[in-house]
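Structure file target_7.txt; described as compact mmCIF, C-alpha atoms.
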# COMPACT_ATOMS: atom_id res chain seq x y z
CA MET A 94 12.90 -15.98 -24.28
CA GLN A 95 12.61 -12.60 -22.61
CA PRO A 96 9.27 -11.88 -20.94
CA THR A 97 6.97 -9.71 -23.02
CA LEU A 98 6.83 -6.11 -21.83
CA VAL A 99 3.18 -5.10 -21.53
CA ALA A 100 2.90 -1.36 -21.00
CA VAL A 101 -0.38 -0.60 -19.26
CA ALA A 102 -1.99 2.77 -19.91
CA HIS A 103 -5.06 4.01 -18.12
CA GLY A 104 -6.93 4.95 -21.29
CA SER A 105 -8.58 8.21 -22.29
CA ARG A 106 -11.34 9.56 -24.51
CA ASP A 107 -8.77 12.03 -25.87
CA PRO A 108 -7.37 10.41 -29.06
CA ARG A 109 -3.99 12.02 -28.40
CA ALA A 110 -3.47 9.75 -25.40
CA LEU A 111 -3.37 6.60 -27.51
CA HIS A 112 -1.07 8.21 -30.08
CA THR A 113 1.25 9.32 -27.29
CA ALA A 114 1.46 5.86 -25.73
CA LEU A 115 2.21 4.30 -29.11
CA ALA A 116 4.95 6.86 -29.76
CA LEU A 117 6.51 6.14 -26.37
CA LEU A 118 6.57 2.42 -27.07
CA GLU A 119 8.27 3.05 -30.40
CA ARG A 120 11.07 4.71 -28.44
CA VAL A 121 11.24 1.66 -26.19
CA ARG A 122 11.53 -0.63 -29.23
CA GLU A 123 14.32 1.54 -30.63
CA LEU A 124 16.24 1.12 -27.38
CA ARG A 125 15.66 -2.66 -27.24
CA PRO A 126 14.76 -3.96 -30.70
CA ARG A 127 14.56 -7.65 -29.78
CA LEU A 128 12.08 -7.13 -26.95
CA ASP A 129 8.40 -7.92 -27.55
CA VAL A 130 6.57 -4.76 -26.45
CA ARG A 131 2.77 -4.54 -26.25
CA LEU A 132 0.24 -1.95 -25.09
CA GLY A 133 -2.88 -2.65 -23.04
CA HIS A 134 -5.43 -0.35 -21.41
CA ILE A 135 -7.28 -0.43 -18.13
CA GLU A 136 -10.33 1.23 -19.68
CA LEU A 137 -11.65 3.48 -22.46
CA ASN A 138 -9.18 2.46 -25.20
CA GLU A 139 -8.38 -0.58 -27.29
CA PRO A 140 -6.83 -3.00 -26.78
CA PRO A 141 -7.96 -3.84 -23.24
CA LEU A 142 -5.32 -5.35 -20.98
CA ASP A 143 -7.12 -8.68 -20.56
CA ALA A 144 -7.26 -9.17 -24.32
CA VAL A 145 -3.53 -8.45 -24.70
CA LEU A 146 -2.61 -10.90 -21.96
CA GLY A 147 -4.91 -13.51 -23.47
CA GLU A 148 -2.87 -13.49 -26.68
CA LEU A 149 0.48 -14.07 -24.97
CA HIS A 150 2.36 -17.22 -24.05
CA GLY A 151 5.18 -17.84 -21.61
CA SER A 152 5.83 -14.87 -19.37
CA ALA A 153 5.08 -11.16 -19.24
CA VAL A 154 5.92 -8.08 -17.20
CA LEU A 155 3.18 -5.50 -16.74
CA VAL A 156 4.70 -2.02 -16.58
CA PRO A 157 2.16 0.63 -15.56
CA LEU A 158 2.33 3.90 -17.49
CA LEU A 159 1.10 5.43 -14.25
CA LEU A 160 2.92 7.81 -11.95
CA GLY A 161 2.17 6.58 -8.44
CA ARG A 162 0.93 3.79 -6.20
CA GLY A 163 -2.81 4.21 -6.62
CA HIS A 164 -5.68 1.74 -6.94
CA HIS A 165 -4.87 0.70 -10.51
CA VAL A 166 -1.31 -0.31 -9.62
CA LYS A 167 -2.17 -2.01 -6.34
CA HIS A 168 -5.35 -3.79 -7.36
CA ASP A 169 -6.30 -3.68 -11.05
CA LEU A 170 -2.98 -4.82 -12.49
CA PRO A 171 -2.44 -7.72 -10.05
CA ALA A 172 -6.04 -8.80 -10.67
CA ALA A 173 -5.47 -8.78 -14.45
CA ALA A 174 -2.28 -10.77 -13.98
CA ALA A 175 -4.14 -13.31 -11.84
CA ARG A 176 -6.82 -13.73 -14.50
CA ALA A 177 -4.12 -14.58 -17.04
CA ALA A 178 -3.42 -17.88 -15.30
CA HIS A 179 -1.72 -19.29 -18.41
CA LEU A 180 1.11 -16.74 -18.06
CA ARG A 181 4.00 -16.32 -15.64
CA THR A 182 3.56 -12.68 -14.70
CA ARG A 183 5.26 -9.91 -12.81
CA VAL A 184 3.89 -6.42 -12.16
CA ALA A 185 6.47 -3.63 -12.18
CA ALA A 186 6.46 -0.49 -10.06
CA PRO A 187 4.78 2.66 -11.37
CA LEU A 188 6.95 5.16 -13.19
CA GLY A 189 7.18 7.62 -10.34
CA PRO A 190 8.92 8.84 -8.38
CA HIS A 191 12.27 8.50 -10.15
CA PRO A 192 15.07 10.86 -11.27
CA LEU A 193 14.44 10.03 -14.93
CA LEU A 194 10.86 11.18 -14.52
CA VAL A 195 12.09 14.40 -12.94
CA GLU A 196 14.43 14.96 -15.86
CA ALA A 197 11.50 14.70 -18.26
CA LEU A 198 9.47 17.17 -16.16
CA TYR A 199 12.42 19.56 -16.10
CA GLU A 200 12.89 19.47 -19.86
CA ARG A 201 9.17 19.92 -20.52
CA LEU A 202 9.26 23.02 -18.32
CA LEU A 203 12.25 24.40 -20.24
CA GLU A 204 10.44 23.78 -23.52
CA ALA A 205 7.48 25.79 -22.21
CA GLY A 206 9.71 28.76 -21.30
CA TRP A 207 10.39 28.21 -17.61
CA THR A 208 13.12 30.49 -16.25
CA PRO A 209 15.12 30.15 -13.02
CA GLY A 210 13.32 31.49 -9.99
CA THR A 211 9.83 30.75 -11.30
CA ALA A 212 7.79 28.70 -8.83
CA VAL A 213 6.09 25.54 -10.07
CA VAL A 214 2.81 23.76 -9.48
CA LEU A 215 3.23 20.02 -10.05
CA ALA A 216 -0.21 19.12 -11.43
CA ALA A 217 -1.21 15.47 -11.02
CA ALA A 218 -4.39 13.49 -11.52
CA GLY A 219 -4.99 12.81 -7.83
CA SER A 220 -5.99 9.70 -5.89
CA ARG A 221 -7.61 8.80 -2.59
CA ASP A 222 -4.70 6.45 -1.89
CA PRO A 223 -2.25 8.16 0.50
CA ASP A 224 0.68 6.34 -1.12
CA SER A 225 -0.12 8.02 -4.42
CA ALA A 226 -0.06 11.45 -2.81
CA ALA A 227 3.22 10.57 -1.08
CA ASP A 228 4.73 9.65 -4.44
CA THR A 229 3.64 12.98 -5.94
CA ARG A 230 5.09 14.88 -2.98
CA ARG A 231 8.37 12.99 -3.39
CA THR A 232 8.49 13.93 -7.06
CA ALA A 233 7.85 17.57 -6.11
CA VAL A 234 10.85 17.49 -3.77
CA LEU A 235 13.08 15.98 -6.45
CA LEU A 236 11.88 18.49 -9.04
CA ALA A 237 12.50 21.41 -6.67
CA ASP A 238 16.10 20.22 -6.28
CA ARG A 239 16.48 19.90 -10.05
CA LEU A 240 15.15 23.45 -10.52
CA GLY A 241 17.63 24.96 -8.09
CA GLY A 242 15.47 25.06 -4.99
CA VAL A 243 12.43 26.99 -6.24
CA PRO A 244 9.11 26.11 -4.57
CA VAL A 245 7.30 23.18 -6.21
CA VAL A 246 3.79 22.60 -4.86
CA PRO A 247 1.82 19.43 -5.70
CA ALA A 248 -1.75 19.94 -6.91
CA TYR A 249 -4.47 17.60 -8.12
CA ALA A 250 -7.22 17.48 -10.71
CA SER A 251 -9.45 15.23 -8.58
CA ALA A 252 -9.77 13.25 -5.34
CA ALA A 253 -7.19 15.30 -3.41
CA ALA A 254 -6.29 18.86 -2.48
CA PRO A 255 -5.14 21.43 -3.31
CA SER A 256 -6.41 21.97 -6.83
CA ALA A 257 -4.10 23.64 -9.33
CA PRO A 258 -5.84 27.06 -9.03
CA GLU A 259 -5.60 26.81 -5.23
CA ALA A 260 -1.89 26.02 -5.44
CA VAL A 261 -1.30 28.97 -7.78
CA ARG A 262 -3.10 31.29 -5.34
CA ALA A 263 -1.13 29.91 -2.40
CA LEU A 264 2.15 30.58 -4.18
CA ALA A 265 1.01 34.11 -5.07
CA ALA A 266 0.22 34.72 -1.39
CA ARG A 267 3.84 33.81 -0.67
CA GLY A 268 5.05 36.36 -3.22
CA HIS A 269 5.48 34.06 -6.22
CA HIS A 270 3.41 35.89 -8.80
CA ARG A 271 4.92 34.13 -11.83
CA THR A 272 4.09 30.43 -11.62
CA ALA A 273 4.53 27.59 -14.09
CA VAL A 274 2.47 24.41 -14.17
CA ALA A 275 4.40 21.16 -14.66
CA SER A 276 2.12 18.54 -16.19
CA TYR A 277 2.52 15.33 -14.20
CA PHE A 278 0.57 13.33 -16.75
CA ALA A 279 1.81 10.63 -19.08
CA ALA A 280 -0.34 11.89 -21.98
CA PRO A 281 -2.75 14.66 -22.99
CA GLY A 282 -6.30 14.44 -21.70
CA ARG A 283 -9.03 16.24 -19.81
CA PHE A 284 -7.20 16.49 -16.50
CA ALA A 285 -3.98 17.67 -18.13
CA ALA A 286 -5.85 20.42 -19.98
CA GLN A 287 -7.82 21.37 -16.87
CA THR A 288 -4.74 21.84 -14.71
CA ALA A 289 -2.77 23.63 -17.45
CA ALA A 290 -5.54 26.23 -17.65
CA ALA A 291 -4.81 27.21 -14.04
CA SER A 292 -1.44 28.70 -14.95
CA PRO A 293 -1.32 32.52 -15.15
CA ALA A 294 1.99 32.34 -17.01
CA LEU A 295 3.00 29.08 -18.66
CA ALA A 296 2.17 25.40 -18.58
CA ALA A 297 4.39 22.53 -19.69
CA ALA A 298 3.24 19.74 -21.96
CA PRO A 299 2.54 16.27 -20.53
CA LEU A 300 5.46 13.88 -20.28
CA GLY A 301 4.45 12.13 -23.49
CA ASP A 302 7.10 10.21 -25.41
CA HIS A 303 10.06 11.92 -23.76
CA PRO A 304 13.19 9.75 -24.18
CA ALA A 305 13.74 9.62 -20.41
CA LEU A 306 10.36 7.93 -20.03
CA ALA A 307 11.36 5.22 -22.48
CA ARG A 308 14.51 4.55 -20.46
CA LEU A 309 12.51 4.55 -17.23
CA LEU A 310 9.99 2.09 -18.63
CA LEU A 311 12.81 -0.33 -19.44
CA HIS A 312 14.34 0.21 -16.01
CA ARG A 313 11.05 -0.77 -14.36
CA TYR A 314 10.86 -3.80 -16.65
CA ASP A 315 14.41 -4.92 -15.87
CA THR A 316 13.89 -4.49 -12.12
CA ALA A 317 10.73 -6.59 -12.27
CA CYS A 318 12.48 -9.26 -14.34
CA ALA A 319 14.96 -9.72 -11.51
CA ARG A 320 12.11 -10.96 -9.29
CA PRO A 321 10.72 -14.51 -9.52
CA ALA A 322 8.11 -15.11 -12.22
CA GLY A 323 4.59 -15.40 -10.91
CA THR A 324 5.00 -12.32 -8.71
CA ALA A 325 1.74 -10.65 -9.59
CA ARG A 326 1.93 -8.19 -6.73
CA PRO A 327 3.78 -5.07 -7.92
CA GLU A 328 7.10 -3.99 -6.54
CA LEU A 329 6.07 -0.82 -4.69
CA VAL A 330 9.52 0.55 -3.95
CA SER A 331 9.38 3.35 -6.49
CA ALA A 332 12.80 4.98 -6.46

Go through the file and emit its structure as structure tokens.
Amino acid sequence: MQPTLVAVAHGSRDPRALHTALALLERVRELRPRLDVRLGHIELNEPPLDAVLGELHGSAVLVPLLLGRGHHVKHDLPAAAARAAHLRTRVAAPLGPHPLLVEALYERLLEAGWTPGTAVVLAAAGSRDPDSAADTRRTAVLLADRLGGVPVVPAYASAAAPSAPEAVRALAARGHHRTAVASYFAAPGRFAAQTAAASPALAAAPLGDHPALARLLLHRYDTACARPAGTARPELVSA
């Protein structure tokens, strides 16, 4: 039996977030129909992760629908896995950084009307964990390469600087007066809307159920499956 894939979303009061996660998992099921795929939440939404794990038997891989190595990935998910002592568990790496994630960001920008030469603010949630900020900076570098070398500046909705409005102003001071905001969020929500409002020109939609994210989720699952069962600590090599 293959381990169950448990996708772990943060949770949001915005009802669109749950719908988006469910749509993404439908894409995953289309790619791998025989795989048991579940959704659990860290907070705010049903079902909670502990309840999902409590219903399972055998083995499971927790794949965070999170974009960097912050507190939830390093602490909350391993703790949930440890509480599910009846399961053989692995915790996969977060989704970012990765070229598939960059491809999704690139296509969301094109959908929003991005044109070559337009500078980009990569708007993320933010974290006090320096590894999370490093992951966002790495994604910004990869996205700049994908966009042909235009400036891509990371910005954050909370816990880190600069904010999205500050990043837009910094780019304008460098002569980039047309700036797009790339939404480095898995789903719609308060932070995604807050950072999108900073754009004087255009803002891309969150990553959502982009097909590249479904492929990336399975890649993280497969990589984790190659490690011994019972490895609750996540694999933190993110590329």

Option closest in space to Thr229 in chain A, from A:Ala280, A:Val101, A:Leu160, A:Leu111 [counting all atoms listed in the file]: A:Leu160

Selection near Gly282 in chain A, 12 Å with all atoms listed in the file, sequence-local residues under 6 positions removed, as a list in words: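 Final neighbour list, sorted by chain and number: His103, Gly104, Ser105, Arg106, Asp107, Pro108, Arg109, Ala110, Leu111, His112, Thr113, Ala217, Ala218, Ala250, Ser276, Thr288, Ala289, Ala298, Pro299, Leu300 and Gly301 of chain A.
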
Could the residues in this selection be saved with C-alpha atoms as a PDB file, in the frame of the given file?
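Result file follows (result-v6.pdb):
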ATOM      1  CA  HIS A 103      -5.060   4.010 -18.120  1.00  0.00           C
ATOM      2  CA  GLY A 104      -6.930   4.950 -21.290  1.00  0.00           C
ATOM      3  CA  SER A 105      -8.580   8.210 -22.290  1.00  0.00           C
ATOM      4  CA  ARG A 106     -11.340   9.560 -24.510  1.00  0.00           C
ATOM      5  CA  ASP A 107      -8.770  12.030 -25.870  1.00  0.00           C
ATOM      6  CA  PRO A 108      -7.370  10.410 -29.060  1.00  0.00           C
ATOM      7  CA  ARG A 109      -3.990  12.020 -28.400  1.00  0.00           C
ATOM      8  CA  ALA A 110      -3.470   9.750 -25.400  1.00  0.00           C
ATOM      9  CA  LEU A 111      -3.370   6.600 -27.510  1.00  0.00           C
ATOM     10  CA  HIS A 112      -1.070   8.210 -30.080  1.00  0.00           C
ATOM     11  CA  THR A 113       1.250   9.320 -27.290  1.00  0.00           C
ATOM     12  CA  ALA A 217      -1.210  15.470 -11.020  1.00  0.00           C
ATOM     13  CA  ALA A 218      -4.390  13.490 -11.520  1.00  0.00           C
ATOM     14  CA  ALA A 250      -7.220  17.480 -10.710  1.00  0.00           C
ATOM     15  CA  SER A 276       2.120  18.540 -16.190  1.00  0.00           C
ATOM     16  CA  THR A 288      -4.740  21.840 -14.710  1.00  0.00           C
ATOM     17  CA  ALA A 289      -2.770  23.630 -17.450  1.00  0.00           C
ATOM     18  CA  ALA A 298       3.240  19.740 -21.960  1.00  0.00           C
ATOM     19  CA  PRO A 299       2.540  16.270 -20.530  1.00  0.00           C
ATOM     20  CA  LEU A 300       5.460  13.880 -20.280  1.00  0.00           C
ATOM     21  CA  GLY A 301       4.450  12.130 -23.490  1.00  0.00           C
TER      22      GLY A 301
END

Neighbour list for Gly151 in chain A as a PyMOL selection string, cut-off 8 Å, all atoms listed in the file, skip fewer than 5 positions in-chain: chain A and resi 96+179-181

Keeping C-alpha atoms, export the residues of the selection given above as a short mmCIF file (atom, residue, chain, number, x, y, z; two decimals), keeping the file's coordinate frame.
data_model
loop_
_atom_site.label_atom_id
_atom_site.label_comp_id
_atom_site.auth_asym_id
_atom_site.auth_seq_id
_atom_site.Cartn_x
_atom_site.Cartn_y
_atom_site.Cartn_z
CA PRO A 96 9.27 -11.88 -20.94
CA HIS A 179 -1.72 -19.29 -18.41
CA LEU A 180 1.11 -16.74 -18.06
CA ARG A 181 4.00 -16.32 -15.64
#

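As for CA of Pro247 in chain A and CA of Pro304 in chain A, they are spaced 23.8 Å apart.
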
Spatial neighbours of Ala173 in chain A, 12 Å, only C-alpha atoms, chain gap at least 6 places, as number ranges by chain: A: 99, 101, 133-135, 141-147, 153-155, 165-167, 179-180, 182-184, 325-327

Which of A:Leu149, A:Leu240, A:Leu309, A:Pro281 sits closest to Glu200 in chain A [using all atoms listed in the file]: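 Checking each of A:Leu149, A:Leu240, A:Leu309, A:Pro281 against Glu200 in chain A, counting all atoms listed in the file, the winner is A:Leu240.
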
Which of A:Ala254, A:Ala307, A:Val195, A:Leu235 sits closest to Ala114 in chain A [using only C-alpha atoms]: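 Under the stated criterion, the closest residue is A:Ala307.
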